[in-house]
Structure formats: C-alpha cells, structure tokens
Amino acid sequence: MRIIAGRWRGIPLATVGKGDPGAHLRPTPDRVRESLFSMLMHRDVLDGAQVLDLFAGTGALGFEALSRGAAHATFVENGRVGQKLITENIKKLDAGDATKLLRSDATRLGSWDGAPFDLIFLDPPYGKGMGARALTAIRGWCADGALVVWEESAPMTAPSGYCLCDHRRFGSTHVTLLETS
C-alpha cells in the first residue's frame with residue numbers, strides 16, 4: 001500500500017498485508033482509493049480540509065488526503081494494531097504537526113472542541129451497523145455541509161442529519177457520499 005498522489009506520492013505505508021481480520025483491518029485497495037480521490041478532487045473538497053478518519057486502520061485515507069492538500073487529519077482508531085500502524089505512518093511521513101491520533105471507539109465519542117471537520121472518512125467493520133452509530137457520535141464535530149465518505153459492503157442510507165449525495169460500487173466495496181444537513 002502506498003500514497004497514490006500528491007506530495008508523498010509513491011511512499012509506501014506501513015501495512016498489514018491483505019488485512020488483519022481479527023482486528024477488522026482490511027486496507028482500501030489502491031484502485032478504490034484512486035477512484036475515490038478522483039471523485040473528491042472533482043468535488044474540490046481536499047484543499048485545506050480538516051479531515052476526520054473514523055475506523056482509520058492504517059490511516060491510508062487520511063494520509064492520502066493530507067498528501068493531496070488537506071490541512072489536518074484526525075485519526076480515530078481503537079485497535080492496537082491500527083494505532084501502531086498509524087503511529088508508524090505519522091513518523092514515516094513526518095506528519096506529526098498535521099495529524100492527531102485518538103485512541104477511541106468511533107461509536108462512543110464525546111464532545112469535540114477543535115476545528116470542525118469538512119471531510120469525514122468512515123470505513124467501519126462491514127455489516128455491523130457501526131457506521132450509523134459513528135455518524136451519530138460525531139454530529140457536533142462536523143462543519144455545515146461536511147462531506148462523509150462511507151465505505152461498506154452494501155449501499156447505505158442517510159441517517160438523520162445527513163443527506164445522500166452519491167453512491168458508487170467498486171467490486172464488493174460500496175462508497176456512499178453523504179453531506180451534513
């Protein structure tokens with residue numbers, strides 16, 4: 001797994017290989033990330049964005065956003081394997097000033113007193129209903145009109161407080177774009 005484009009283009013990230021099912025880590029394939037970031041570039045949401053990467057795993061989505069012009073990324077990961085990988089990637093990319101790691105459960109977050117988030121990546125363990133719970137947990141964390149990129153094994157419906165913008169399928173991965181309302 002590597003950064004696809006931007007200032008860190010081609011730099012390999014710490015990886016778990018094909019994934020760690022026990023830790024629910026399944027890295028987003030390069031092909032899916034490339035398509036996803038093409039959609040985001042078209043929407044012009046990356047430049048200067050405050051990014052929240054929920055169920056971050058290796059942090060690949062947040063680091064890709066930083067590489068392409070986002071201002072800051074906050075990673076939320078409660079698994080020890082994922083936390084270690086994110087920490088390794090922060091060091092590898094010398095990204096400490098532009099990142100924050102929250103060692104928390106994304107479905108049980110409290111209040112947030114930092115800058116509101118413009119772009120949220122949501123890649124929960126598939127089929128467990130955790131995505132909707134995480135969206136409820138971050139309701140006060142988002143800027144008006146923030147874009148949510150939700151990866152799941154099936155198309156997702158917009159929960160209260162969000163509206164559906166787009167849906168795409170990449171093999172077995174479904175990406176649902178939501179906007180805060």
# chains A, B, ... in the order shown; residues from 1 in each chain; ligands from 1
>>> select_by_dssp(residues="chain A", states="helix (DSSP H, G or I)", output="PyMOL selection string")
chain A and resi 21-23+30-43+60-67+80-93+96-98+130-137+139-141
>>> residues_around(residues="Gly171 in chain A", least_positions_apart="6", cutoff="12 Å", atoms="only C-alpha atoms", output="list in words")
Thr28, Pro29, Arg31, Val32, Ser35, Glu151, Glu152, Ser153 and Ala154 of chain A
>>> atom_distance(atom1="CA of Ala5 in chain A", atom2="CA of His42 in chain A")
14.6 Å
>>> residues_around(residues="Asp123 in chain A", least_positions_apart="3", cutoff="8 Å", atoms="only C-alpha atoms", output="ChimeraX atom specification")
/A:54-56,131,150-152
>>> atom_distance(atom1="CA of Trp141 in chain A", atom2="CA of Gly48 in chain A")
16.9 Å
>>> residues_around(residues="Val149 in chain A", least_positions_apart="3", cutoff="9 Å", atoms="only C-alpha atoms", output="tab-separated table (two decimals) with all heavy atoms, in the first residue's frame")
chain	number	residue	atom	x	y	z
A	36	LEU	N	-11.90	6.90	-5.59
A	36	LEU	CA	-12.49	7.72	-4.54
A	36	LEU	C	-11.89	9.13	-4.55
A	36	LEU	O	-12.61	10.13	-4.51
A	36	LEU	CB	-12.27	7.04	-3.19
A	36	LEU	CG	-12.59	7.84	-1.94
A	36	LEU	CD1	-14.05	8.22	-1.90
A	36	LEU	CD2	-12.22	7.05	-0.71
A	119	LEU	N	-14.31	17.02	5.94
A	119	LEU	CA	-14.28	15.76	5.20
A	119	LEU	C	-14.11	14.62	6.19
A	119	LEU	O	-13.16	14.61	6.97
A	119	LEU	CB	-13.12	15.78	4.20
A	119	LEU	CG	-12.90	14.53	3.35
A	119	LEU	CD1	-14.13	14.20	2.50
A	119	LEU	CD2	-11.66	14.72	2.47
A	120	ILE	N	-15.05	13.67	6.15
A	120	ILE	CA	-15.04	12.55	7.09
A	120	ILE	C	-14.96	11.25	6.30
A	120	ILE	O	-15.79	11.01	5.41
A	120	ILE	CB	-16.30	12.54	7.98
A	120	ILE	CG1	-16.35	13.79	8.85
A	120	ILE	CG2	-16.33	11.29	8.86
A	120	ILE	CD1	-17.12	14.92	8.28
A	121	PHE	N	-13.97	10.41	6.62
A	121	PHE	CA	-13.87	9.08	6.06
A	121	PHE	C	-14.42	8.11	7.09
A	121	PHE	O	-14.02	8.15	8.26
A	121	PHE	CB	-12.42	8.71	5.73
A	121	PHE	CG	-11.85	9.52	4.61
A	121	PHE	CD1	-10.88	10.48	4.86
A	121	PHE	CD2	-12.27	9.33	3.30
A	121	PHE	CE1	-10.34	11.23	3.84
A	121	PHE	CE2	-11.74	10.08	2.27
A	121	PHE	CZ	-10.77	11.04	2.53
A	122	LEU	N	-15.32	7.26	6.66
A	122	LEU	CA	-15.99	6.32	7.55
A	122	LEU	C	-15.86	4.93	6.93
A	122	LEU	O	-16.49	4.64	5.92
A	122	LEU	CB	-17.46	6.72	7.69
A	122	LEU	CG	-18.38	5.87	8.53
A	122	LEU	CD1	-17.93	5.82	9.98
A	122	LEU	CD2	-19.80	6.42	8.44
A	123	ASP	N	-15.00	4.09	7.52
A	123	ASP	CA	-14.74	2.75	6.98
A	123	ASP	C	-14.84	1.74	8.12
A	123	ASP	O	-13.85	1.13	8.53
A	123	ASP	CB	-13.36	2.73	6.33
A	123	ASP	CG	-13.09	1.45	5.55
A	123	ASP	OD1	-14.02	0.64	5.38
A	123	ASP	OD2	-11.94	1.25	5.13
A	175	VAL	N	-19.30	2.72	-1.89
A	175	VAL	CA	-18.94	4.02	-1.32
A	175	VAL	C	-20.17	4.93	-1.43
A	175	VAL	O	-20.70	5.16	-2.51
A	175	VAL	CB	-17.75	4.66	-2.07
A	175	VAL	CG1	-17.48	6.07	-1.55
A	175	VAL	CG2	-16.51	3.79	-1.92
A	176	THR	N	-20.63	5.37	-0.27
A	176	THR	CA	-21.78	6.27	-0.18
A	176	THR	C	-21.28	7.63	0.26
A	176	THR	O	-20.57	7.74	1.26
A	176	THR	CB	-22.81	5.72	0.82
A	176	THR	OG1	-23.19	4.40	0.44
A	176	THR	CG2	-24.04	6.61	0.90
A	177	LEU	N	-21.62	8.67	-0.50
A	177	LEU	CA	-21.25	10.05	-0.13
A	177	LEU	C	-22.47	10.72	0.49
A	177	LEU	O	-23.55	10.72	-0.10
A	177	LEU	CB	-20.79	10.84	-1.36
A	177	LEU	CG	-19.55	10.34	-2.08
A	177	LEU	CD1	-19.21	11.28	-3.23
A	177	LEU	CD2	-18.37	10.21	-1.14
A	178	LEU	N	-22.26	11.26	1.67
A	178	LEU	CA	-23.30	11.98	2.40
A	178	LEU	C	-22.82	13.39	2.68
A	178	LEU	O	-21.62	13.65	2.70
A	178	LEU	CB	-23.58	11.30	3.75
A	178	LEU	CG	-23.93	9.83	3.76
A	178	LEU	CD1	-24.01	9.33	5.20
A	178	LEU	CD2	-25.25	9.59	3.06
A	179	GLU	N	-23.76	14.27	2.92
A	179	GLU	CA	-23.44	15.64	3.32
A	179	GLU	C	-24.21	15.95	4.59
A	179	GLU	O	-25.38	15.54	4.72
A	179	GLU	CB	-23.83	16.60	2.21
A	179	GLU	CG	-23.19	17.96	2.34
A	179	GLU	CD	-23.45	18.80	1.10
A	179	GLU	OE1	-22.67	18.67	0.15
A	179	GLU	OE2	-24.43	19.58	1.11
>>> closest_residue(among="A:Ala95, A:Ile138, A:Ile86, A:Cys165", to="Leu52 in chain A", atoms="only C-alpha atoms")
A:Ile138
>>> select_by_dssp(residues="range 88-149 of chain A", states="strand (DSSP E or B)", output="VMD selection string")
chain A and resid 99 to 102 117 to 122 142 to 149
